[in-house]
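Dumped structure-v3.txt below, it's compact mmCIF, C-alpha atoms and all ligand atoms:
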# COMPACT_ATOMS: atom_id res chain seq x y z
CA MET A 1 224.46 27.30 143.19
CA LEU A 2 223.15 30.07 145.40
CA ILE A 3 224.74 33.48 145.14
CA ALA A 4 224.09 36.89 146.66
CA LEU A 5 224.64 39.82 144.32
CA TYR A 6 223.97 43.42 145.23
CA ASN A 7 224.41 46.85 143.66
CA PRO A 8 226.00 49.06 146.35
CA ALA A 9 225.07 52.20 144.37
CA ALA A 10 221.33 51.45 144.08
CA GLY A 11 218.77 53.58 145.91
CA ASP A 12 220.06 55.01 149.18
CA ARG A 13 223.21 52.84 148.90
CA SER A 14 222.26 50.59 151.80
CA ALA A 15 222.38 47.24 149.98
CA LYS A 16 225.70 46.15 151.49
CA SER A 17 224.69 46.79 155.08
CA PHE A 18 221.25 45.18 154.58
CA PHE A 19 222.87 42.07 153.11
CA ASP A 20 225.50 41.88 155.88
CA GLU A 21 223.03 42.48 158.70
CA GLU A 22 219.83 40.79 157.49
CA VAL A 23 219.89 38.84 154.23
CA LEU A 24 223.00 36.70 154.67
CA PRO A 25 222.31 35.85 158.36
CA LYS A 26 218.71 34.85 157.45
CA LEU A 27 219.90 32.46 154.74
CA GLN A 28 222.59 31.07 157.04
CA ALA A 29 220.07 30.53 159.86
CA ALA A 30 217.72 28.71 157.46
CA GLY A 31 220.49 26.28 156.50
CA LYS A 32 220.91 27.73 153.02
CA PRO A 33 224.11 29.77 153.17
CA VAL A 34 225.13 31.42 149.91
CA ASP A 35 228.06 30.02 147.93
CA LYS A 36 229.32 33.49 147.02
CA VAL A 37 228.65 37.14 147.87
CA LEU A 38 229.30 39.53 145.01
CA ALA A 39 228.88 43.29 144.58
CA THR A 40 228.66 45.16 141.30
CA GLU A 41 231.55 47.54 140.69
CA ARG A 42 230.16 49.54 137.77
CA PRO A 43 227.17 49.88 135.47
CA ALA A 44 226.58 46.75 133.35
CA HIS A 45 228.71 44.64 135.70
CA ALA A 46 225.78 42.59 137.07
CA GLY A 47 225.09 40.94 133.70
CA GLU A 48 228.76 40.12 133.19
CA ILE A 49 228.99 38.52 136.65
CA ILE A 50 225.94 36.31 136.10
CA LEU A 51 227.01 35.23 132.61
CA GLU A 52 230.43 34.23 133.93
CA LEU A 53 228.83 32.16 136.68
CA LEU A 54 226.48 30.46 134.24
CA GLU A 55 229.30 29.63 131.85
CA ALA A 56 231.32 28.05 134.65
CA SER A 57 228.75 25.39 135.65
CA GLN A 58 225.61 23.62 134.48
CA GLU A 59 224.15 23.78 137.97
CA GLU A 60 220.90 25.67 138.49
CA LEU A 61 221.68 29.24 139.55
CA VAL A 62 219.64 31.12 142.15
CA VAL A 63 220.52 34.78 142.62
CA ILE A 64 219.56 36.71 145.75
CA LEU A 65 219.55 40.11 144.05
CA GLY A 66 219.83 43.32 146.07
CA SER A 67 219.10 46.19 143.70
CA GLY A 68 216.38 48.16 141.95
CA ASP A 69 214.79 47.44 138.60
CA GLY A 70 217.73 48.82 136.61
CA THR A 71 220.18 46.13 137.70
CA MET A 72 217.64 43.39 136.88
CA HIS A 73 217.20 45.05 133.48
CA GLU A 74 220.96 44.94 132.89
CA ILE A 75 221.14 41.23 133.77
CA ILE A 76 218.23 40.25 131.52
CA ASN A 77 219.58 42.26 128.59
CA HIS A 78 223.13 41.01 128.92
CA LEU A 79 222.04 37.37 129.11
CA SER A 80 219.50 37.74 126.30
CA SER A 81 222.04 39.16 123.88
CA ALA A 82 224.93 36.88 124.88
CA GLN A 83 226.07 33.77 123.11
CA PRO A 84 227.07 31.74 126.16
CA LYS A 85 230.20 29.68 126.09
CA GLY A 86 231.56 26.95 128.36
CA ALA A 87 228.97 25.00 130.33
CA ARG A 88 226.03 26.80 128.69
CA VAL A 89 227.01 26.63 125.04
CA ASP A 90 223.83 26.14 122.97
CA THR A 91 221.66 25.81 126.09
CA PRO A 92 218.76 28.11 126.90
CA ILE A 93 219.32 30.25 129.97
CA ARG A 94 217.05 29.80 132.96
CA LEU A 95 217.63 31.84 136.06
CA HIS A 96 215.87 32.13 139.41
CA PHE A 97 215.87 35.31 141.49
CA ALA A 98 214.92 36.19 145.03
CA LEU A 99 214.64 39.96 145.05
CA VAL A 100 215.71 42.23 147.88
CA PRO A 101 214.42 45.76 147.17
CA CYS A 102 217.41 48.10 147.47
CA GLY A 103 216.66 50.51 144.61
CA THR A 104 214.79 53.78 144.37
CA ALA A 105 211.45 52.65 142.96
CA ASN A 106 211.56 48.82 143.14
CA ALA A 107 208.61 48.51 140.77
CA LEU A 108 208.85 44.76 140.26
CA TYR A 109 209.25 43.96 143.95
CA SER A 110 206.46 46.25 145.11
CA SER A 111 204.12 44.82 142.44
CA LEU A 112 204.85 41.26 143.51
CA PHE A 113 204.62 42.25 147.18
CA PRO A 114 202.20 45.21 147.37
CA PRO A 115 202.81 47.07 150.63
CA THR A 116 200.00 46.95 153.17
CA GLU A 117 198.75 50.03 155.00
CA ASN A 118 200.45 49.24 158.30
CA ALA A 119 203.80 47.99 157.01
CA SER A 120 206.53 50.34 155.85
CA THR A 121 208.48 49.38 152.74
CA SER A 122 211.65 49.90 154.77
CA ASP A 123 210.66 47.20 157.33
CA LYS A 124 212.98 44.25 157.12
CA THR A 125 210.05 41.78 157.11
CA TYR A 126 208.60 43.60 154.08
CA ARG A 127 211.94 43.53 152.28
CA LEU A 128 212.68 39.87 152.98
CA GLN A 129 209.50 38.37 151.49
CA SER A 130 211.04 37.13 148.23
CA VAL A 131 213.95 35.59 150.17
CA GLN A 132 211.37 33.93 152.45
CA SER A 133 209.51 32.65 149.40
CA PHE A 134 212.76 31.11 148.13
CA LEU A 135 213.33 29.51 151.55
CA ASP A 136 209.75 28.17 151.40
CA ASN A 137 210.69 26.40 148.13
CA SER A 138 208.31 28.35 145.87
CA THR A 139 208.61 27.48 142.20
CA GLY A 140 208.93 31.11 141.11
CA ILE A 141 206.85 33.23 138.76
CA PRO A 142 208.04 33.37 135.13
CA LEU A 143 208.59 36.95 134.02
CA THR A 144 206.89 38.21 130.88
CA LEU A 145 209.38 40.14 128.78
CA ALA A 146 208.67 43.18 126.64
CA ILE A 147 210.95 43.04 123.61
CA THR A 148 211.37 46.45 122.00
CA THR A 149 212.97 46.72 118.60
CA LEU A 150 214.35 50.10 117.62
CA SER A 151 214.56 50.55 113.87
CA SER A 152 216.35 53.23 111.89
CA PRO A 153 214.80 54.60 108.73
CA PRO A 154 214.88 51.85 106.06
CA TYR A 155 217.20 53.76 103.69
CA LEU A 156 220.02 53.67 106.28
CA LYS A 157 220.05 49.85 106.09
CA VAL A 158 221.17 49.62 109.75
CA PRO A 159 220.10 46.45 111.60
CA PRO A 160 217.53 47.09 114.35
CA THR A 161 218.51 46.86 118.02
CA ALA A 162 216.46 45.03 120.64
CA ILE A 163 216.00 45.95 124.30
CA ILE A 164 214.32 43.62 126.77
CA SER A 165 212.27 44.96 129.67
CA SER A 166 210.58 43.30 132.59
CA VAL A 167 208.78 46.36 133.96
CA VAL A 168 208.02 49.32 131.73
CA VAL A 169 208.40 50.65 128.21
CA SER A 170 207.25 54.21 127.64
CA THR A 171 207.46 57.32 125.50
CA SER A 172 206.03 60.83 126.08
CA LEU A 173 205.88 62.24 129.62
CA HIS A 174 207.20 59.18 131.45
CA ALA A 175 210.23 58.88 129.16
CA ALA A 176 210.88 62.63 129.52
CA ILE A 177 210.70 62.34 133.33
CA LEU A 178 213.14 59.44 133.43
CA HIS A 179 215.44 61.25 131.01
CA ASP A 180 215.57 64.37 133.19
CA SER A 181 215.46 62.64 136.59
CA GLU A 182 218.74 60.84 135.94
CA LYS A 183 220.46 64.24 135.96
CA LEU A 184 218.98 64.85 139.43
CA ARG A 185 220.13 61.50 140.94
CA GLU A 186 223.19 62.90 142.81
CA LYS A 187 221.26 65.78 144.40
CA THR A 188 217.97 63.97 145.01
CA PRO A 189 218.57 60.22 145.42
CA GLY A 190 214.96 59.35 146.45
CA ILE A 191 211.76 59.15 144.42
CA GLU A 192 211.28 62.93 144.85
CA ARG A 193 213.52 63.38 141.82
CA PHE A 194 210.77 61.93 139.61
CA LYS A 195 208.38 64.61 140.89
CA VAL A 196 210.87 67.41 140.16
CA ALA A 197 211.43 66.09 136.64
CA ALA A 198 207.67 65.72 136.15
CA GLN A 199 207.12 69.41 136.93
CA GLN A 200 209.77 70.32 134.35
CA ASN A 201 207.89 68.43 131.61
CA SER A 202 204.25 68.76 132.53
CA ASP A 203 203.05 70.97 129.67
CA LYS A 204 204.67 69.06 126.80
CA TRP A 205 202.67 67.06 124.26
CA TYR A 206 204.23 64.45 122.05
CA ASN A 207 203.46 64.07 118.37
CA GLY A 208 203.46 60.68 116.77
CA TYR A 209 201.36 57.76 115.72
CA ALA A 210 200.81 54.39 117.38
CA LYS A 211 199.62 51.02 116.13
CA ILE A 212 198.36 48.68 118.81
CA LEU A 213 198.93 44.99 118.14
CA PRO A 214 196.55 42.20 119.18
CA ALA A 215 197.34 39.60 121.84
CA ALA A 216 198.50 36.31 120.31
CA SER A 217 195.78 33.93 121.47
CA THR A 218 192.72 36.19 121.63
CA GLY A 219 193.69 37.91 118.35
CA VAL A 220 192.29 41.25 119.55
CA VAL A 221 193.26 44.45 121.32
CA GLN A 222 191.19 44.94 124.47
CA LEU A 223 190.03 48.21 125.98
CA TYR A 224 189.05 48.71 129.61
CA ASP A 225 185.43 49.76 130.05
CA PRO A 226 184.84 51.57 133.38
CA ALA A 227 181.08 50.98 133.08
CA THR A 228 181.43 47.20 133.35
CA LYS A 229 184.85 47.31 135.03
CA SER A 230 186.08 44.75 132.52
CA PHE A 231 188.00 44.54 129.27
CA VAL A 232 186.03 44.57 126.03
CA ASP A 233 187.23 44.10 122.45
CA HIS A 234 188.43 47.44 121.09
CA PRO A 235 185.70 48.94 118.87
CA ASP A 236 188.24 49.54 116.07
CA CYS A 237 189.19 45.84 115.99
CA ASP A 238 187.25 43.54 113.71
CA GLU A 239 187.69 40.25 111.93
CA TYR A 240 189.43 42.00 109.01
CA ASN A 241 191.75 44.24 110.97
CA SER A 242 193.01 43.44 114.42
CA VAL A 243 195.49 46.35 114.62
CA VAL A 244 194.22 49.55 116.23
CA ASP A 245 195.58 52.88 114.90
CA ILE A 246 195.93 55.74 117.36
CA ALA A 247 196.91 59.24 116.28
CA GLY A 248 198.53 61.82 118.56
CA PRO A 249 199.20 64.18 120.11
CA PHE A 250 199.90 62.19 123.24
CA ALA A 251 200.57 63.35 126.78
CA TYR A 252 201.21 59.92 128.27
CA PHE A 253 202.05 56.59 126.65
CA LEU A 254 203.28 53.85 128.97
CA SER A 255 203.11 50.08 128.90
CA THR A 256 204.00 47.57 131.55
CA VAL A 257 204.57 43.85 131.90
CA ASN A 258 204.58 42.02 135.26
CA VAL A 259 203.88 45.15 137.30
CA ASP A 260 200.85 47.17 138.33
CA ARG A 261 202.91 49.99 139.85
CA LEU A 262 206.15 51.85 139.24
CA GLU A 263 206.65 52.82 142.90
CA PRO A 264 205.06 51.22 145.97
CA ALA A 265 202.07 53.62 145.87
CA PHE A 266 201.97 54.59 142.17
CA GLU A 267 199.57 52.06 140.63
CA ILE A 268 199.72 53.20 137.03
CA THR A 269 198.49 49.95 135.41
CA PRO A 270 196.35 48.61 138.27
CA LEU A 271 194.38 46.16 136.13
CA THR A 272 197.43 43.90 135.80
CA ARG A 273 196.61 42.74 139.32
CA LYS A 274 192.83 43.28 139.37
CA ILE A 275 192.10 41.49 136.07
CA VAL A 276 195.04 39.13 135.71
CA PRO A 277 196.10 38.62 132.06
CA SER A 278 195.81 35.08 130.76
CA GLU A 279 198.72 35.33 128.31
CA ALA A 280 201.77 37.47 127.59
CA THR A 281 200.36 40.96 127.10
CA CYS A 282 201.26 44.59 127.71
CA ASP A 283 198.95 46.83 129.73
CA LEU A 284 199.12 50.13 127.88
CA MET A 285 197.97 53.39 129.44
CA ILE A 286 197.46 56.32 127.07
CA VAL A 287 196.36 59.91 127.67
CA ARG A 288 195.56 61.95 124.54
CA PRO A 289 194.69 65.54 125.46
CA LEU A 290 192.46 66.22 122.47
CA ARG A 291 189.93 63.67 123.78
CA ASP A 292 189.07 66.40 126.30
CA PRO A 293 185.82 67.90 124.88
CA SER A 294 186.82 71.37 126.05
CA LEU A 295 189.97 71.40 123.88
CA GLN A 296 189.74 72.06 120.15
CA MET A 297 193.37 72.56 119.20
CA ASP A 298 196.99 72.29 120.24
CA SER A 299 198.41 75.62 121.46
CA PRO A 300 200.77 76.70 124.27
CA GLU A 301 197.71 77.81 126.31
CA THR A 302 195.81 74.54 125.93
CA ARG A 303 198.95 72.57 126.77
CA SER A 304 199.53 74.55 129.90
CA GLY A 305 195.84 74.29 130.89
CA PHE A 306 195.79 70.54 130.29
CA SER A 307 198.80 69.97 132.55
CA THR A 308 196.58 70.59 135.61
CA LYS A 309 194.22 67.87 134.37
CA LEU A 310 197.11 65.54 133.67
CA TRP A 311 198.26 65.85 137.31
CA LYS A 312 194.76 65.02 138.42
CA ILE A 313 194.76 61.96 136.14
CA LEU A 314 198.17 60.76 137.28
CA GLY A 315 197.20 61.56 140.88
CA GLY A 316 194.63 58.78 140.48
CA ALA A 317 197.52 56.31 140.23
CA TYR A 318 198.39 57.29 143.82
CA GLN A 319 194.76 56.57 144.83
CA LYS A 320 194.89 52.84 144.13
CA GLY A 321 194.73 53.34 140.37
CA ALA A 322 191.51 55.40 140.37
CA HIS A 323 192.55 57.15 137.12
CA VAL A 324 191.33 54.25 134.98
CA ASP A 325 187.69 55.04 135.85
CA LEU A 326 187.83 58.79 135.11
CA ARG A 327 185.54 60.42 132.54
CA TYR A 328 185.13 63.89 131.05
CA ASP A 329 181.84 65.74 131.36
CA ASP A 330 180.72 67.88 128.41
CA LYS A 331 182.69 70.85 129.76
CA GLY A 332 185.87 68.81 130.03
CA GLU A 333 185.79 68.48 133.82
CA ILE A 334 187.17 65.19 135.10
CA GLY A 335 185.24 62.94 137.47
CA THR A 336 184.04 59.41 138.03
CA GLU A 337 180.34 60.03 137.31
CA GLY A 338 178.34 60.13 134.09
CA GLU A 339 178.79 58.52 130.72
CA GLY A 340 181.22 60.96 129.12
CA CYS A 341 184.37 60.12 127.20
CA VAL A 342 186.82 57.97 129.17
CA VAL A 343 189.92 60.02 130.07
CA VAL A 344 192.49 57.22 130.04
CA GLU A 345 192.67 54.72 127.21
CA TYR A 346 193.71 51.56 129.05
CA LEU A 347 194.53 48.82 126.55
CA ARG A 348 195.57 45.21 126.94
CA CYS A 349 197.46 44.12 123.84
CA GLY A 350 200.17 41.89 122.41
CA GLY A 351 202.36 44.93 121.79
CA TRP A 352 202.52 48.26 120.01
CA GLU A 353 204.41 50.29 117.49
CA TRP A 354 205.41 53.93 118.10
CA ILE A 355 206.22 56.17 115.16
CA PRO A 356 207.33 59.63 116.35
CA ASP A 357 206.83 62.69 114.20
CA ASP A 358 210.18 63.61 112.63
CA ILE A 359 210.00 67.20 113.83
CA ASP A 360 209.19 66.42 117.46
CA ASP A 361 212.49 65.63 119.21
CA ALA A 362 210.85 64.90 122.57
CA ALA A 363 208.65 62.21 120.99
CA HIS A 364 211.80 60.28 120.06
CA LEU A 365 212.68 59.39 123.67
CA LEU A 366 211.97 55.82 124.75
CA CYS A 367 212.25 54.51 128.30
CA THR A 368 212.87 50.81 128.89
CA ASP A 369 212.92 49.99 132.63
CA GLY A 370 214.43 53.42 133.35
CA THR A 371 217.02 53.32 130.56
CA ILE A 372 216.56 56.05 127.97
CA SER A 373 217.13 55.52 124.25
CA ALA A 374 216.53 57.85 121.35
CA ILE A 375 214.58 56.63 118.34
CA GLU A 376 216.31 57.84 115.19
CA LYS A 377 214.60 60.39 112.96
CA GLY A 378 212.54 58.41 110.48
CA GLY A 379 212.69 55.35 112.74
CA ARG A 380 210.24 53.60 115.03
CA ALA A 381 209.99 51.39 118.09
CA VAL A 382 208.04 48.14 118.17
CA CYS A 383 207.34 46.50 121.52
CA VAL A 384 206.03 42.93 121.84
CA ALA A 385 205.25 40.90 124.98
CA ALA A 386 206.46 37.30 125.35
CA THR A 387 206.83 34.84 128.21
CA PRO A 388 209.69 32.36 127.74
CA THR A 389 208.65 28.86 128.74
CA GLY A 390 210.19 25.44 129.22
CA LYS A 391 213.89 25.49 129.90
CA ALA A 392 214.39 29.21 129.32
CA GLY A 393 213.36 32.30 131.19
CA PHE A 394 213.66 34.37 134.32
CA TYR A 395 211.77 33.34 137.45
CA VAL A 396 211.18 35.38 140.59
CA HIS A 397 210.37 33.78 143.94
CA ALA A 398 207.09 35.29 145.08
N1 LIG B 401 229.09 49.79 141.66
C1 LIG B 401 228.33 50.63 140.96
N2 LIG B 401 228.58 51.96 140.95
C2 LIG B 401 227.80 52.83 140.29
N3 LIG B 401 226.72 52.46 139.58
C3 LIG B 401 226.42 51.15 139.55
C4 LIG B 401 227.19 50.18 140.23
N4 LIG B 401 226.64 48.96 140.03
C5 LIG B 401 225.57 49.17 139.23
N5 LIG B 401 225.43 50.47 138.96
C6 LIG B 401 224.36 51.15 138.20
O1 LIG B 401 223.36 51.58 139.12
C7 LIG B 401 222.19 51.83 138.37
C8 LIG B 401 220.98 51.91 139.26
O2 LIG B 401 220.69 50.66 139.79
P1 LIG B 401 219.22 50.15 140.12
O3 LIG B 401 218.29 50.42 139.02
O4 LIG B 401 219.35 48.76 140.56
O5 LIG B 401 218.81 51.08 141.32
P2 LIG B 401 217.87 52.35 141.33
O6 LIG B 401 217.93 53.09 140.03
O7 LIG B 401 218.20 53.10 142.55
O8 LIG B 401 216.44 51.68 141.52
P3 LIG B 401 215.14 51.57 140.58
O9 LIG B 401 215.61 51.10 139.24
O10 LIG B 401 214.26 50.58 141.27
O11 LIG B 401 214.57 52.94 140.57
C9 LIG B 401 222.15 50.68 137.36
O12 LIG B 401 221.63 51.15 136.14
C10 LIG B 401 223.63 50.27 137.23
O13 LIG B 401 224.13 50.51 135.93
Go through the file and emit its structure as structure tokens.
Amino acid sequence: MLIALYNPAAGDRSAKSFFDEEVLPKLQAAGKPVDKVLATERPAHAGEIILELLEASQEELVVILGSGDGTMHEIINHLSSAQPKGARVDTPIRLHFALVPCGTANALYSSLFPPTENASTSDKTYRLQSVQSFLDNSTGIPLTLAITTLSSPPYLKVPPTAIISSVVVSTSLHAAILHDSEKLREKTPGIERFKVAAQQNSDKWYNGYAKILPAASTGVVQLYDPATKSFVDHPDCDEYNSVVDIAGPFAYFLSTVNVDRLEPAFEITPLTRKIVPSEATCDLMIVRPLRDPSLQMDSPETRSGFSTKLWKILGGAYQKGAHVDLRYDDKGEIGTEGEGCVVVEYLRCGGWEWIPDDIDDAAHLLCTDGTISAIEKGGRAVCVAATPTGKAGFYVHA
């Protein structure tokens, strides 16, 4: 069965008109008209719609999805936590998507179809590439999932909750930006709202502790080395201990699966595409201010001074991911020359654990594909990458 499903509230709210004027006529003209056209009516509705369709028939389901990353996130989470009835009772769920970018950031789409210099992301040819790939009978790319388990402190004896992501899991500045930008959605519907929220949070540091987990088959955590432009085994990993401990404070802590960018031009984990992972892994990008040789301690002045450097670092993501090659000189200036301390710790790993300091409220925010959760005091978040195989999983035509 082939269905079209769009979120009329995503992005600039143009999904309906783009489907009516471009997507549906293209499928019709190619001899593959959709069986149904559906629109979401409220948050969380997309997952309910797809589950109902799956339960009604054993047929393979292909969804032409007009939305941003949030709607995809809702579908994957709803299906992953459901116990399907009817036609799918006790059967693993496998779903194929052709994506039509209709959201604000469209991280997954723009990573699978990186925009070229002379094509605008609003061009219809740019936006119809996944649909074209479906029409060309591509097999689809299986999505790697990041499974994050949020645990309460053990004495509460509350079962952990799991959230599945297909794009990003973050804490620190990125989670704070997403938390605040949601409040700005009505007034600033475009990606500018992320910049406004970023300014509001730029001089915060986040206290906590992280444990980085090895990838399943290599058994190690890897660290990007700008000198050789390749991944090397993390120096703290050895045959006796494959987990790497990282102490805060942190300014930035963000991991991705499937994507090298969070917006068409914001290539925050560029190595996902440049050095393609060979198994299910997270690309984790960390900035810890006290690696800066000019900073000795955490104070309001050093935080405020470091925010200028942080903008420079994150600005590198807008320059084709140049931030991953930045180094400090001995005065703490940032540049690409020399052999000083690497500014960004760029890790490739099987997952990670984040343990926020009890007294730092801001360090308790967690972003999973744009959705914000709060880690309980005394609790932690553990994120692990996995790619479903065989009869289960989510596939995107690309
Ligand atoms: N009919 C609806 N009315 C209001 N909100 C809706 C409706 N349908 C879905 N939603 C909500 O819209 C939210 C935003 O959707 P989505 O993430 O797809 O777009 P976006 O946020 O603009 O793009 P991106 O995630 O790429 O930045 C979803 O989290 C979903 O809960």
Margin query: Just want the residues within 7 Å of ligand LIG 401 (chain B), written as a PyMOL selection string, counting all atoms listed in the file.
Written below: chain A and resi 7-11+40-46+67-72+102-107+370
Restrict the selected residues to C-alpha atoms and save them as a PDB file, in the coordinates of the input.
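Okay, again-v3.pdb is ready:
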ATOM      1  CA  ASN A   7     224.410  46.850 143.660  1.00  0.00           C
ATOM      2  CA  PRO A   8     226.000  49.060 146.350  1.00  0.00           C
ATOM      3  CA  ALA A   9     225.070  52.200 144.370  1.00  0.00           C
ATOM      4  CA  ALA A  10     221.330  51.450 144.080  1.00  0.00           C
ATOM      5  CA  GLY A  11     218.770  53.580 145.910  1.00  0.00           C
ATOM      6  CA  THR A  40     228.660  45.160 141.300  1.00  0.00           C
ATOM      7  CA  GLU A  41     231.550  47.540 140.690  1.00  0.00           C
ATOM      8  CA  ARG A  42     230.160  49.540 137.770  1.00  0.00           C
ATOM      9  CA  PRO A  43     227.170  49.880 135.470  1.00  0.00           C
ATOM     10  CA  ALA A  44     226.580  46.750 133.350  1.00  0.00           C
ATOM     11  CA  HIS A  45     228.710  44.640 135.700  1.00  0.00           C
ATOM     12  CA  ALA A  46     225.780  42.590 137.070  1.00  0.00           C
ATOM     13  CA  SER A  67     219.100  46.190 143.700  1.00  0.00           C
ATOM     14  CA  GLY A  68     216.380  48.160 141.950  1.00  0.00           C
ATOM     15  CA  ASP A  69     214.790  47.440 138.600  1.00  0.00           C
ATOM     16  CA  GLY A  70     217.730  48.820 136.610  1.00  0.00           C
ATOM     17  CA  THR A  71     220.180  46.130 137.700  1.00  0.00           C
ATOM     18  CA  MET A  72     217.640  43.390 136.880  1.00  0.00           C
ATOM     19  CA  CYS A 102     217.410  48.100 147.470  1.00  0.00           C
ATOM     20  CA  GLY A 103     216.660  50.510 144.610  1.00  0.00           C
ATOM     21  CA  THR A 104     214.790  53.780 144.370  1.00  0.00           C
ATOM     22  CA  ALA A 105     211.450  52.650 142.960  1.00  0.00           C
ATOM     23  CA  ASN A 106     211.560  48.820 143.140  1.00  0.00           C
ATOM     24  CA  ALA A 107     208.610  48.510 140.770  1.00  0.00           C
ATOM     25  CA  GLY A 370     214.430  53.420 133.350  1.00  0.00           C
TER      26      GLY A 370
END
Item checked: Given only C-alpha atoms as the counted atoms, nearest of A:Ile372, A:Ala251, A:Ile313, A:Val384 to Asp298 in chain A ->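 Ranking A:Ile372, A:Ala251, A:Ile313, A:Val384 by distance to Asp298 in chain A, first place goes to A:Ala251.
Note that the spacing between CA of Gly321 in chain A and CA of Leu178 in chain A amounts to 20.6 Å.
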Check: Counting all atoms listed in the file, which of A:Ala39, A:Val396, A:Ala198, A:Ile163 gets nearest to Asn137 in chain A?
Finding: A:Val396
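Residues lying within 8 Å of Pro388 in chain A, counting all atoms listed in the file and ignoring same-chain neighbours fewer than 3 positions away, are Pro142, Leu143, Thr144, Leu145, Ala392, Gly393 and Phe394 of chain A.
Using all atoms listed in the file for every distance, the candidate list A:Val37, A:Leu271, A:Leu310, A:Ile355 yields A:Leu310 as the residue closest to Asp203 in chain A.
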Notebook entry, point to check: Which is closer to Thr148 in chain A than all the others in A:Ala381, A:Leu79, A:Ile191, A:Ala386, using all atoms listed in the file?
Noted result: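 Under the stated criterion, the closest residue is A:Ala381.
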Kindly provide the residues of range 212-284 of chain A that approach range 362-367 of chain A to within 12 Å, each paired with its closest atom pair and their distance in Å to one decimal, based on all atoms listed in the file, listed by chain and increasing number, as a Markdown table.
| residue | atom | partner | partner_atom | distance |
| --- | --- | --- | --- | --- |
| A:Gly248 | CA | A:Ala363 | CA | 10.4 |
| A:Pro249 | CA | A:Ala363 | CA | 9.7 |
| A:Phe250 | CA | A:Ala363 | CA | 9.0 |
| A:Ala251 | CA | A:Ala363 | CA | 10.0 |
| A:Tyr252 | CA | A:Ala363 | CA | 10.7 |
| A:Phe253 | CA | A:Leu366 | CA | 10.1 |
| A:Leu254 | CA | A:Cys367 | CA | 9.0 |
| A:Ser255 | CA | A:Cys367 | CA | 10.2 |
| A:Thr256 | CA | A:Cys367 | CA | 11.3 |
Check: Which protein, DNA or RNA residues have an atom at most 12 Å from (177.8, 54.1, 132.4), counting only C-alpha atoms? List them as a ChimeraX atom specification.
Finding: /A:225-229,325-327,336-342
Export C-alpha atoms of the chosen residues as a PDB file, keeping the file's coordinate frame?
ATOM      1  CA  ASP A 225     185.430  49.760 130.050  1.00  0.00           C
ATOM      2  CA  PRO A 226     184.840  51.570 133.380  1.00  0.00           C
ATOM      3  CA  ALA A 227     181.080  50.980 133.080  1.00  0.00           C
ATOM      4  CA  THR A 228     181.430  47.200 133.350  1.00  0.00           C
ATOM      5  CA  LYS A 229     184.850  47.310 135.030  1.00  0.00           C
ATOM      6  CA  ASP A 325     187.690  55.040 135.850  1.00  0.00           C
ATOM      7  CA  LEU A 326     187.830  58.790 135.110  1.00  0.00           C
ATOM      8  CA  ARG A 327     185.540  60.420 132.540  1.00  0.00           C
ATOM      9  CA  THR A 336     184.040  59.410 138.030  1.00  0.00           C
ATOM     10  CA  GLU A 337     180.340  60.030 137.310  1.00  0.00           C
ATOM     11  CA  GLY A 338     178.340  60.130 134.090  1.00  0.00           C
ATOM     12  CA  GLU A 339     178.790  58.520 130.720  1.00  0.00           C
ATOM     13  CA  GLY A 340     181.220  60.960 129.120  1.00  0.00           C
ATOM     14  CA  CYS A 341     184.370  60.120 127.200  1.00  0.00           C
ATOM     15  CA  VAL A 342     186.820  57.970 129.170  1.00  0.00           C
TER      16      VAL A 342
END
Checklist line | Atomic distance CA of Glu239 in chain A - CA of Ser278 in chain A, expressed in Å with one decimal | finding: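 These atoms are spaced 21.1 Å apart.
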Please export range 346-366 of chain A as a PDB file, in the first residue's frame, restricted to C-alpha atoms.
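Produced file decode.pdb, reproduced below:
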ATOM      1  CA  TYR A 346      34.795  14.292  17.861  1.00  0.00           C
ATOM      2  CA  LEU A 347      34.127  10.700  18.883  1.00  0.00           C
ATOM      3  CA  ARG A 348      32.700   7.729  17.058  1.00  0.00           C
ATOM      4  CA  CYS A 349      31.228   5.304  19.568  1.00  0.00           C
ATOM      5  CA  GLY A 350      28.581   2.682  20.270  1.00  0.00           C
ATOM      6  CA  GLY A 351      26.815   5.075  22.637  1.00  0.00           C
ATOM      7  CA  TRP A 352      27.265   7.148  25.756  1.00  0.00           C
ATOM      8  CA  GLU A 353      26.002   7.741  29.240  1.00  0.00           C
ATOM      9  CA  TRP A 354      25.275  11.242  30.603  1.00  0.00           C
ATOM     10  CA  ILE A 355      25.157  11.803  34.343  1.00  0.00           C
ATOM     11  CA  PRO A 356      24.215  15.430  35.135  1.00  0.00           C
ATOM     12  CA  ASP A 357      25.339  17.084  38.342  1.00  0.00           C
ATOM     13  CA  ASP A 358      22.386  17.169  40.747  1.00  0.00           C
ATOM     14  CA  ILE A 359      22.714  20.894  41.364  1.00  0.00           C
ATOM     15  CA  ASP A 360      22.857  21.934  37.702  1.00  0.00           C
ATOM     16  CA  ASP A 361      19.259  22.105  36.437  1.00  0.00           C
ATOM     17  CA  ALA A 362      20.267  23.058  32.887  1.00  0.00           C
ATOM     18  CA  ALA A 363      22.427  19.919  32.580  1.00  0.00           C
ATOM     19  CA  HIS A 364      19.293  17.811  33.067  1.00  0.00           C
ATOM     20  CA  LEU A 365      17.766  18.759  29.698  1.00  0.00           C
ATOM     21  CA  LEU A 366      17.952  16.134  26.958  1.00  0.00           C
TER      22      LEU A 366
END
